[in-house]
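Trainee: Take a look at this one; I'll ask things after.
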Amino acid sequence: MSVSSTSHHLFKVVSDLRFPPISLAIAYGSGVFKQKHEVKPGAPPPLLDYIFVVDDALEWHKQNLTENGDHYAPIFRQIAKTNTSAAARGVKRVQDISAKAYFNTLVPWQDKQIKYGVVSKEAFIDDLTQWQSLYFAGRLQKPVLLHANTGVQQAGEGGDSKMWWSEPIQSNRRMALALAALWHDTTPSLREVFYRISSISYLGDFRMQLGENPKKAMNIVDGQYEHFLPIYSQLVDELGIKEGKQVGKDDRVELLSLLPTSLSSQLGSRAWELSEEKRREALNQAIRNMTFWVHLGQSAKGLVTAGWKKSFVYVRQKLSRAK
């Protein structure tokens, strides 16, 4: 699947806003990939969402405060006027809380607005391979675009097999597919499997009760099904996922062995014996235990990183788009 010129354009933001060096830039969300839902009349367009994976977060913020200080919260802009290093240390301390991400939002670019989150490479890899918070892992279980020195591509599309991010992304998606396969005693259609994968990161997210579209996971898959297929096709074959297949004891043991320790340790040593209903309940609760406080912490951080005014505007826009 080729990457369109529009996709290439999405990453002009890196040079246009003169960001410091980025190891991997990721574009995701409804501003990048369509979702199947109607837009409310008069609702603002979605933000363009980015994740910037950087080698040295402290140095990155120090440089970015100099180049793009207006992106940051007033408190850090004020500190940076006299001591950029101190401001960067403050930003880094906030970043290290909860999901280990620092977001700047409602940043104008051309005729759009963007939101970008900064994460260290180490924290990014840990989340993808260990599901420490599912904050980044959840996003990369869905279609995303990647940009590095090799150009733009859809993650998992091919051509990135020797890059540092390839195996962490593939490992994350293998675990997501294993979890989705454990949801049923009889494997449903691939579309249903993708629904389950898409919903993983929303379990335990309190925002789903506060204005988010309850059909968000379904809308993502229905609008992006053609993107899910190529990124999961190899893993579907590898794990033997097939519609109508009975997921027996041996299959459940194998699938459970693929889950990260952060999840499997909560399920008990004989989780494979659980009925379909009890297994779903156990998986649901385990994921909620992992994600609830992370989402709450990140939302609380937003009041600091965005400030009260931007936070109010961001929430208002998000609610106006929800259906």
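Chains: A, B, ... in order of the structure tokens. Residues: from 1 per chain. Ligands: from 1, in order shown.
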So which residues of region 49-147 of chain A fall under strand (DSSP E) by DSSP, listed as number ranges by chain?
Mentor: A: 49-54, 102-109, 112-120, 145-147
Trainee: Could you name the residues that touch Ala286 (chain A) at 8 Å or less, counting only C-alpha atoms, but leaving out those on the same chain fewer than 3 positions away, as a ChimeraX atom specification?
Mentor: /A:263,266-267,282-283,289-290
Trainee: Would you export the selected residues with C-alpha atoms as a PDB file, in the first residue's frame, please?
Mentor:
ATOM      1  CA  LEU A 263      -0.949  -8.644  32.018  1.00  0.00           C
ATOM      2  CA  GLN A 266      -2.750 -10.730  36.951  1.00  0.00           C
ATOM      3  CA  LEU A 267      -4.582 -13.675  35.384  1.00  0.00           C
ATOM      4  CA  ALA A 282     -10.356 -11.334  33.906  1.00  0.00           C
ATOM      5  CA  LEU A 283      -8.751  -9.781  30.823  1.00  0.00           C
ATOM      6  CA  ASN A 289      -5.830  -2.115  36.345  1.00  0.00           C
ATOM      7  CA  MET A 290      -2.982  -1.234  33.989  1.00  0.00           C
TER       8      MET A 290
END
Trainee: Calculate how many Å separate CA of Gln224 (chain A) from CA of Lys34 (chain A), rounding to one decimal.
Mentor: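 So the answer is 6.6 Å.
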Trainee: What residues in region 76-298 of chain A get the DSSP label helix (DSSP H, G or I)? Please answer as an mmCIF file with C-alpha atoms, in the first residue's frame.
Mentor:
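What landed in out.cif:
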data_model
loop_
_atom_site.group_PDB
_atom_site.id
_atom_site.type_symbol
_atom_site.label_atom_id
_atom_site.label_comp_id
_atom_site.auth_asym_id
_atom_site.auth_seq_id
_atom_site.Cartn_x
_atom_site.Cartn_y
_atom_site.Cartn_z
ATOM 1 C CA PHE A 76 7.689 26.859 31.603
ATOM 2 C CA ARG A 77 7.737 29.790 29.170
ATOM 3 C CA GLN A 78 8.303 32.115 32.107
ATOM 4 C CA ILE A 79 11.133 30.035 33.558
ATOM 5 C CA ALA A 80 12.750 29.694 30.121
ATOM 6 C CA THR A 84 16.172 27.425 29.613
ATOM 7 C CA SER A 85 17.925 24.487 31.257
ATOM 8 C CA ALA A 86 15.791 24.819 34.402
ATOM 9 C CA ALA A 87 12.630 25.009 32.307
ATOM 10 C CA ALA A 88 13.665 21.882 30.391
ATOM 11 C CA ARG A 89 14.329 20.039 33.651
ATOM 12 C CA GLY A 90 10.843 20.997 34.848
ATOM 13 C CA VAL A 91 9.280 19.761 31.606
ATOM 14 C CA LYS A 92 11.232 16.505 31.837
ATOM 15 C CA ARG A 93 10.089 15.924 35.430
ATOM 16 C CA VAL A 94 6.476 16.342 34.345
ATOM 17 C CA GLN A 95 7.063 14.066 31.348
ATOM 18 C CA LYS A 121 13.104 5.959 23.047
ATOM 19 C CA GLU A 122 13.635 3.804 26.144
ATOM 20 C CA ALA A 123 10.143 4.479 27.558
ATOM 21 C CA PHE A 124 8.594 3.994 24.126
ATOM 22 C CA ILE A 125 10.190 0.584 23.620
ATOM 23 C CA ASP A 126 9.330 -0.509 27.180
ATOM 24 C CA ASP A 127 5.663 0.251 26.629
ATOM 25 C CA LEU A 128 5.492 -1.506 23.277
ATOM 26 C CA THR A 129 7.230 -4.647 24.515
ATOM 27 C CA GLN A 130 6.029 -4.817 28.140
ATOM 28 C CA TYR A 135 -0.377 4.429 26.343
ATOM 29 C CA PHE A 136 1.846 4.195 23.278
ATOM 30 C CA ALA A 137 1.295 0.485 22.688
ATOM 31 C CA GLY A 138 -2.441 1.087 22.333
ATOM 32 C CA ARG A 139 -1.932 3.743 19.698
ATOM 33 C CA LEU A 140 0.421 1.562 17.676
ATOM 34 C CA SER A 166 10.310 -2.733 13.808
ATOM 35 C CA GLU A 167 10.455 -5.563 16.338
ATOM 36 C CA PRO A 168 8.909 -3.574 19.246
ATOM 37 C CA ILE A 169 5.952 -2.607 17.031
ATOM 38 C CA GLN A 170 5.552 -6.163 15.760
ATOM 39 C CA SER A 171 5.830 -7.574 19.302
ATOM 40 C CA ASN A 172 3.147 -5.179 20.515
ATOM 41 C CA ARG A 173 0.775 -6.165 17.734
ATOM 42 C CA ARG A 174 1.432 -9.879 18.238
ATOM 43 C CA MET A 175 0.400 -9.505 21.898
ATOM 44 C CA ALA A 176 -2.696 -7.515 20.918
ATOM 45 C CA LEU A 177 -3.738 -10.182 18.427
ATOM 46 C CA ALA A 178 -3.169 -12.926 21.017
ATOM 47 C CA LEU A 179 -5.361 -11.071 23.510
ATOM 48 C CA ALA A 180 -8.105 -10.588 20.917
ATOM 49 C CA ALA A 181 -7.977 -14.293 20.051
ATOM 50 C CA LEU A 190 -11.179 -10.630 11.211
ATOM 51 C CA ARG A 191 -13.248 -7.466 11.438
ATOM 52 C CA GLU A 192 -14.473 -8.556 14.885
ATOM 53 C CA VAL A 193 -10.893 -9.408 15.893
ATOM 54 C CA PHE A 194 -9.791 -5.938 14.800
ATOM 55 C CA TYR A 195 -12.662 -4.398 16.796
ATOM 56 C CA ARG A 196 -11.287 -6.088 19.873
ATOM 57 C CA ILE A 197 -7.718 -4.968 19.162
ATOM 58 C CA SER A 198 -8.878 -1.406 18.581
ATOM 59 C CA SER A 199 -10.744 -1.356 21.897
ATOM 60 C CA ILE A 200 -7.866 -2.593 24.090
ATOM 61 C CA SER A 201 -6.423 0.820 24.870
ATOM 62 C CA TYR A 202 -9.850 2.266 25.732
ATOM 63 C CA PHE A 206 -12.327 7.126 32.132
ATOM 64 C CA ARG A 207 -12.678 9.575 29.242
ATOM 65 C CA MET A 208 -14.855 7.016 27.443
ATOM 66 C CA GLN A 209 -17.518 7.868 30.019
ATOM 67 C CA LYS A 216 -15.025 4.748 18.734
ATOM 68 C CA ALA A 217 -13.256 1.381 18.325
ATOM 69 C CA MET A 218 -15.821 0.205 15.769
ATOM 70 C CA ASN A 219 -15.618 3.486 13.869
ATOM 71 C CA ILE A 220 -11.834 3.183 13.693
ATOM 72 C CA VAL A 221 -11.936 -0.320 12.225
ATOM 73 C CA ASP A 222 -14.836 0.358 9.859
ATOM 74 C CA GLY A 223 -13.060 3.422 8.514
ATOM 75 C CA GLN A 224 -9.575 1.872 8.385
ATOM 76 C CA TYR A 225 -10.184 -1.820 7.697
ATOM 77 C CA GLU A 226 -8.013 -1.737 4.577
ATOM 78 C CA HIS A 227 -5.142 -0.465 6.727
ATOM 79 C CA PHE A 228 -5.561 -3.096 9.446
ATOM 80 C CA LEU A 229 -5.304 -5.983 6.969
ATOM 81 C CA PRO A 230 -1.708 -5.493 5.763
ATOM 82 C CA ILE A 231 -0.290 -4.748 9.207
ATOM 83 C CA TYR A 232 -1.828 -7.866 10.799
ATOM 84 C CA SER A 233 -1.853 -10.352 7.894
ATOM 85 C CA GLN A 234 1.523 -11.900 8.720
ATOM 86 C CA LEU A 235 0.662 -12.192 12.416
ATOM 87 C CA VAL A 236 -2.745 -13.711 11.630
ATOM 88 C CA ASP A 237 -0.961 -16.492 9.730
ATOM 89 C CA GLU A 238 1.711 -16.839 12.416
ATOM 90 C CA LEU A 239 -0.841 -17.310 15.218
ATOM 91 C CA LYS A 249 -7.047 -25.595 25.736
ATOM 92 C CA ASP A 250 -3.708 -25.880 23.936
ATOM 93 C CA ASP A 251 -4.483 -22.753 21.897
ATOM 94 C CA ARG A 252 -5.337 -20.784 25.038
ATOM 95 C CA VAL A 253 -2.132 -21.896 26.763
ATOM 96 C CA GLU A 254 -0.107 -20.759 23.746
ATOM 97 C CA LEU A 255 -1.931 -17.440 23.412
ATOM 98 C CA LEU A 256 -1.567 -16.700 27.131
ATOM 99 C CA SER A 257 2.178 -17.323 26.865
ATOM 100 C CA LEU A 258 2.396 -14.512 24.302
ATOM 101 C CA THR A 261 4.028 -10.288 32.081
ATOM 102 C CA SER A 262 2.318 -7.069 33.173
ATOM 103 C CA LEU A 263 -0.949 -8.644 32.018
ATOM 104 C CA SER A 264 -0.467 -12.392 32.434
ATOM 105 C CA ALA A 271 -6.271 -18.786 33.283
ATOM 106 C CA TRP A 272 -6.563 -21.195 30.360
ATOM 107 C CA GLU A 273 -9.204 -23.116 32.354
ATOM 108 C CA GLU A 276 -15.159 -17.579 27.866
ATOM 109 C CA GLU A 277 -17.169 -15.236 30.079
ATOM 110 C CA LYS A 278 -14.798 -15.483 33.055
ATOM 111 C CA ARG A 279 -11.771 -15.109 30.779
ATOM 112 C CA ARG A 280 -13.174 -11.918 29.286
ATOM 113 C CA GLU A 281 -13.890 -10.533 32.749
ATOM 114 C CA ALA A 282 -10.356 -11.334 33.906
ATOM 115 C CA LEU A 283 -8.751 -9.781 30.823
ATOM 116 C CA ASN A 284 -10.972 -6.701 31.062
ATOM 117 C CA GLN A 285 -10.105 -6.144 34.705
ATOM 118 C CA ALA A 286 -6.390 -6.739 34.193
ATOM 119 C CA ILE A 287 -6.228 -4.125 31.425
ATOM 120 C CA ARG A 288 -8.261 -1.641 33.459
ATOM 121 C CA ASN A 289 -5.830 -2.115 36.345
ATOM 122 C CA MET A 290 -2.982 -1.234 33.989
ATOM 123 C CA THR A 291 -4.518 1.782 32.294
ATOM 124 C CA PHE A 292 -6.946 3.597 34.601
ATOM 125 C CA TRP A 293 -4.413 5.533 36.663
ATOM 126 C CA VAL A 294 -2.241 6.195 33.635
ATOM 127 C CA HIS A 295 -5.083 7.884 31.756
ATOM 128 C CA LEU A 296 -6.111 9.782 34.879
ATOM 129 C CA GLY A 297 -2.520 10.900 35.459
ATOM 130 C CA GLN A 298 -2.047 12.034 31.878
#
Trainee: Would you mind reading off the distance between CA of Leu17 (chain A) and CA of Leu134 (chain A), one decimal, in Å?
Mentor: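 For CA of Leu17 (chain A) relative to CA of Leu134 (chain A), the distance reads 28.8 Å.
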Trainee: Given the choices A:Leu303, A:Ala99, A:Ile75, A:Ile114, which gets closest to Tyr50 (chain A) if the distance is worked out from only C-alpha atoms?
Mentor: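 Of all the options, A:Ile114 lies closest to Tyr50 (chain A).
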Trainee: May I have the residues within 7 Å of region 26-33 of chain A as an MDAnalysis selection string, using only C-alpha atoms and disregarding those fewer than 5 positions away in the same chain?
Mentor: chainID A and resid 46:52 144:147 224
Trainee: Using all heavy atoms, can you export the residues from the last selection as a JSON list (two decimals), in the first residue's frame?
Mentor:
[["chain", "number", "residue", "atom", "x", "y", "z"],
["A", 46, "PRO", "N", -10.58, 17.60, 13.39],
["A", 46, "PRO", "CA", -9.73, 16.99, 14.41],
["A", 46, "PRO", "C", -8.31, 17.52, 14.36],
["A", 46, "PRO", "O", -7.83, 17.95, 13.31],
["A", 46, "PRO", "CB", -9.78, 15.50, 14.07],
["A", 46, "PRO", "CG", -10.10, 15.46, 12.60],
["A", 46, "PRO", "CD", -11.01, 16.63, 12.36],
["A", 47, "LEU", "N", -7.66, 17.50, 15.51],
["A", 47, "LEU", "CA", -6.25, 17.86, 15.55],
["A", 47, "LEU", "C", -5.45, 16.82, 14.78],
["A", 47, "LEU", "O", -5.86, 15.67, 14.64],
["A", 47, "LEU", "CB", -5.75, 17.88, 16.99],
["A", 47, "LEU", "CG", -6.35, 18.89, 17.97],
["A", 47, "LEU", "CD1", -5.73, 18.68, 19.35],
["A", 47, "LEU", "CD2", -6.11, 20.30, 17.50],
["A", 48, "LEU", "N", -4.29, 17.24, 14.29],
["A", 48, "LEU", "CA", -3.31, 16.28, 13.78],
["A", 48, "LEU", "C", -2.48, 15.82, 14.97],
["A", 48, "LEU", "O", -1.86, 16.64, 15.65],
["A", 48, "LEU", "CB", -2.42, 16.93, 12.72],
["A", 48, "LEU", "CG", -3.13, 17.35, 11.43],
["A", 48, "LEU", "CD1", -2.14, 18.04, 10.49],
["A", 48, "LEU", "CD2", -3.77, 16.16, 10.74],
["A", 49, "ASP", "N", -2.48, 14.52, 15.24],
["A", 49, "ASP", "CA", -1.80, 13.96, 16.41],
["A", 49, "ASP", "C", -0.46, 13.36, 16.02],
["A", 49, "ASP", "O", -0.38, 12.57, 15.06],
["A", 49, "ASP", "CB", -2.66, 12.89, 17.06],
["A", 49, "ASP", "CG", -3.91, 13.46, 17.72],
["A", 49, "ASP", "OD1", -3.76, 14.41, 18.50],
["A", 49, "ASP", "OD2", -5.02, 12.97, 17.45],
["A", 50, "TYR", "N", 0.55, 13.68, 16.81],
["A", 50, "TYR", "CA", 1.89, 13.15, 16.57],
["A", 50, "TYR", "C", 2.50, 12.64, 17.88],
["A", 50, "TYR", "O", 2.20, 13.15, 18.97],
["A", 50, "TYR", "CB", 2.83, 14.23, 16.02],
["A", 50, "TYR", "CG", 2.44, 14.78, 14.68],
["A", 50, "TYR", "CD1", 1.62, 15.91, 14.59],
["A", 50, "TYR", "CD2", 2.90, 14.22, 13.49],
["A", 50, "TYR", "CE1", 1.25, 16.44, 13.36],
["A", 50, "TYR", "CE2", 2.54, 14.75, 12.26],
["A", 50, "TYR", "CZ", 1.72, 15.86, 12.20],
["A", 50, "TYR", "OH", 1.36, 16.39, 10.98],
["A", 51, "ILE", "N", 3.37, 11.64, 17.74],
["A", 51, "ILE", "CA", 4.27, 11.23, 18.81],
["A", 51, "ILE", "C", 5.69, 11.40, 18.29],
["A", 51, "ILE", "O", 6.00, 10.94, 17.19],
["A", 51, "ILE", "CB", 4.04, 9.76, 19.21],
["A", 51, "ILE", "CG1", 2.66, 9.57, 19.83],
["A", 51, "ILE", "CG2", 5.12, 9.28, 20.20],
["A", 51, "ILE", "CD1", 2.27, 8.11, 20.01],
["A", 52, "PHE", "N", 6.53, 12.06, 19.06],
["A", 52, "PHE", "CA", 7.93, 12.24, 18.71],
["A", 52, "PHE", "C", 8.78, 11.41, 19.67],
["A", 52, "PHE", "O", 8.81, 11.70, 20.87],
["A", 52, "PHE", "CB", 8.34, 13.70, 18.78],
["A", 52, "PHE", "CG", 7.64, 14.61, 17.79],
["A", 52, "PHE", "CD1", 7.54, 15.97, 18.04],
["A", 52, "PHE", "CD2", 7.08, 14.11, 16.62],
["A", 52, "PHE", "CE1", 6.90, 16.82, 17.14],
["A", 52, "PHE", "CE2", 6.43, 14.94, 15.71],
["A", 52, "PHE", "CZ", 6.35, 16.30, 15.97],
["A", 144, "VAL", "N", -0.86, 3.53, 11.90],
["A", 144, "VAL", "CA", -0.16, 4.79, 12.11],
["A", 144, "VAL", "C", 0.78, 5.01, 10.92],
["A", 144, "VAL", "O", 1.06, 4.08, 10.16],
["A", 144, "VAL", "CB", 0.68, 4.79, 13.42],
["A", 144, "VAL", "CG1", -0.21, 4.61, 14.64],
["A", 144, "VAL", "CG2", 1.76, 3.71, 13.39],
["A", 145, "LEU", "N", 1.25, 6.23, 10.79],
["A", 145, "LEU", "CA", 2.30, 6.53, 9.82],
["A", 145, "LEU", "C", 3.57, 6.86, 10.56],
["A", 145, "LEU", "O", 3.55, 7.52, 11.61],
["A", 145, "LEU", "CB", 1.89, 7.72, 8.94],
["A", 145, "LEU", "CG", 0.73, 7.51, 7.97],
["A", 145, "LEU", "CD1", 0.43, 8.83, 7.23],
["A", 145, "LEU", "CD2", 1.04, 6.41, 6.96],
["A", 146, "LEU", "N", 4.68, 6.39, 10.02],
["A", 146, "LEU", "CA", 5.99, 6.62, 10.62],
["A", 146, "LEU", "C", 6.83, 7.50, 9.71],
["A", 146, "LEU", "O", 6.73, 7.42, 8.49],
["A", 146, "LEU", "CB", 6.73, 5.29, 10.83],
["A", 146, "LEU", "CG", 6.02, 4.17, 11.60],
["A", 146, "LEU", "CD1", 6.92, 2.95, 11.67],
["A", 146, "LEU", "CD2", 5.63, 4.64, 12.99],
["A", 147, "HIS", "N", 7.68, 8.30, 10.33],
["A", 147, "HIS", "CA", 8.61, 9.11, 9.55],
["A", 147, "HIS", "C", 9.97, 9.13, 10.24],
["A", 147, "HIS", "O", 10.09, 9.45, 11.42],
["A", 147, "HIS", "CB", 8.10, 10.54, 9.39],
["A", 147, "HIS", "CG", 9.02, 11.41, 8.59],
["A", 147, "HIS", "ND1", 9.99, 12.19, 9.17],
["A", 147, "HIS", "CD2", 9.14, 11.59, 7.26],
["A", 147, "HIS", "CE1", 10.67, 12.84, 8.23],
["A", 147, "HIS", "NE2", 10.16, 12.49, 7.06],
["A", 224, "GLN", "N", -10.98, 2.14, 8.69],
["A", 224, "GLN", "CA", -9.57, 1.87, 8.39],
["A", 224, "GLN", "C", -9.29, 0.39, 8.14],
["A", 224, "GLN", "O", -8.15, -0.06, 8.21],
["A", 224, "GLN", "CB", -8.70, 2.36, 9.55],
["A", 224, "GLN", "CG", -8.87, 3.83, 9.87],
["A", 224, "GLN", "CD", -8.18, 4.24, 11.16],
["A", 224, "GLN", "OE1", -7.18, 3.65, 11.56],
["A", 224, "GLN", "NE2", -8.71, 5.25, 11.82]]
Trainee: Which value, in Å to one decimal, gives the distance between CA of Gly240 (chain A) and CA of Pro188 (chain A)?
Mentor: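 Taking CA of Gly240 (chain A) as the start and CA of Pro188 (chain A) as the end point, the length is 12.9 Å.
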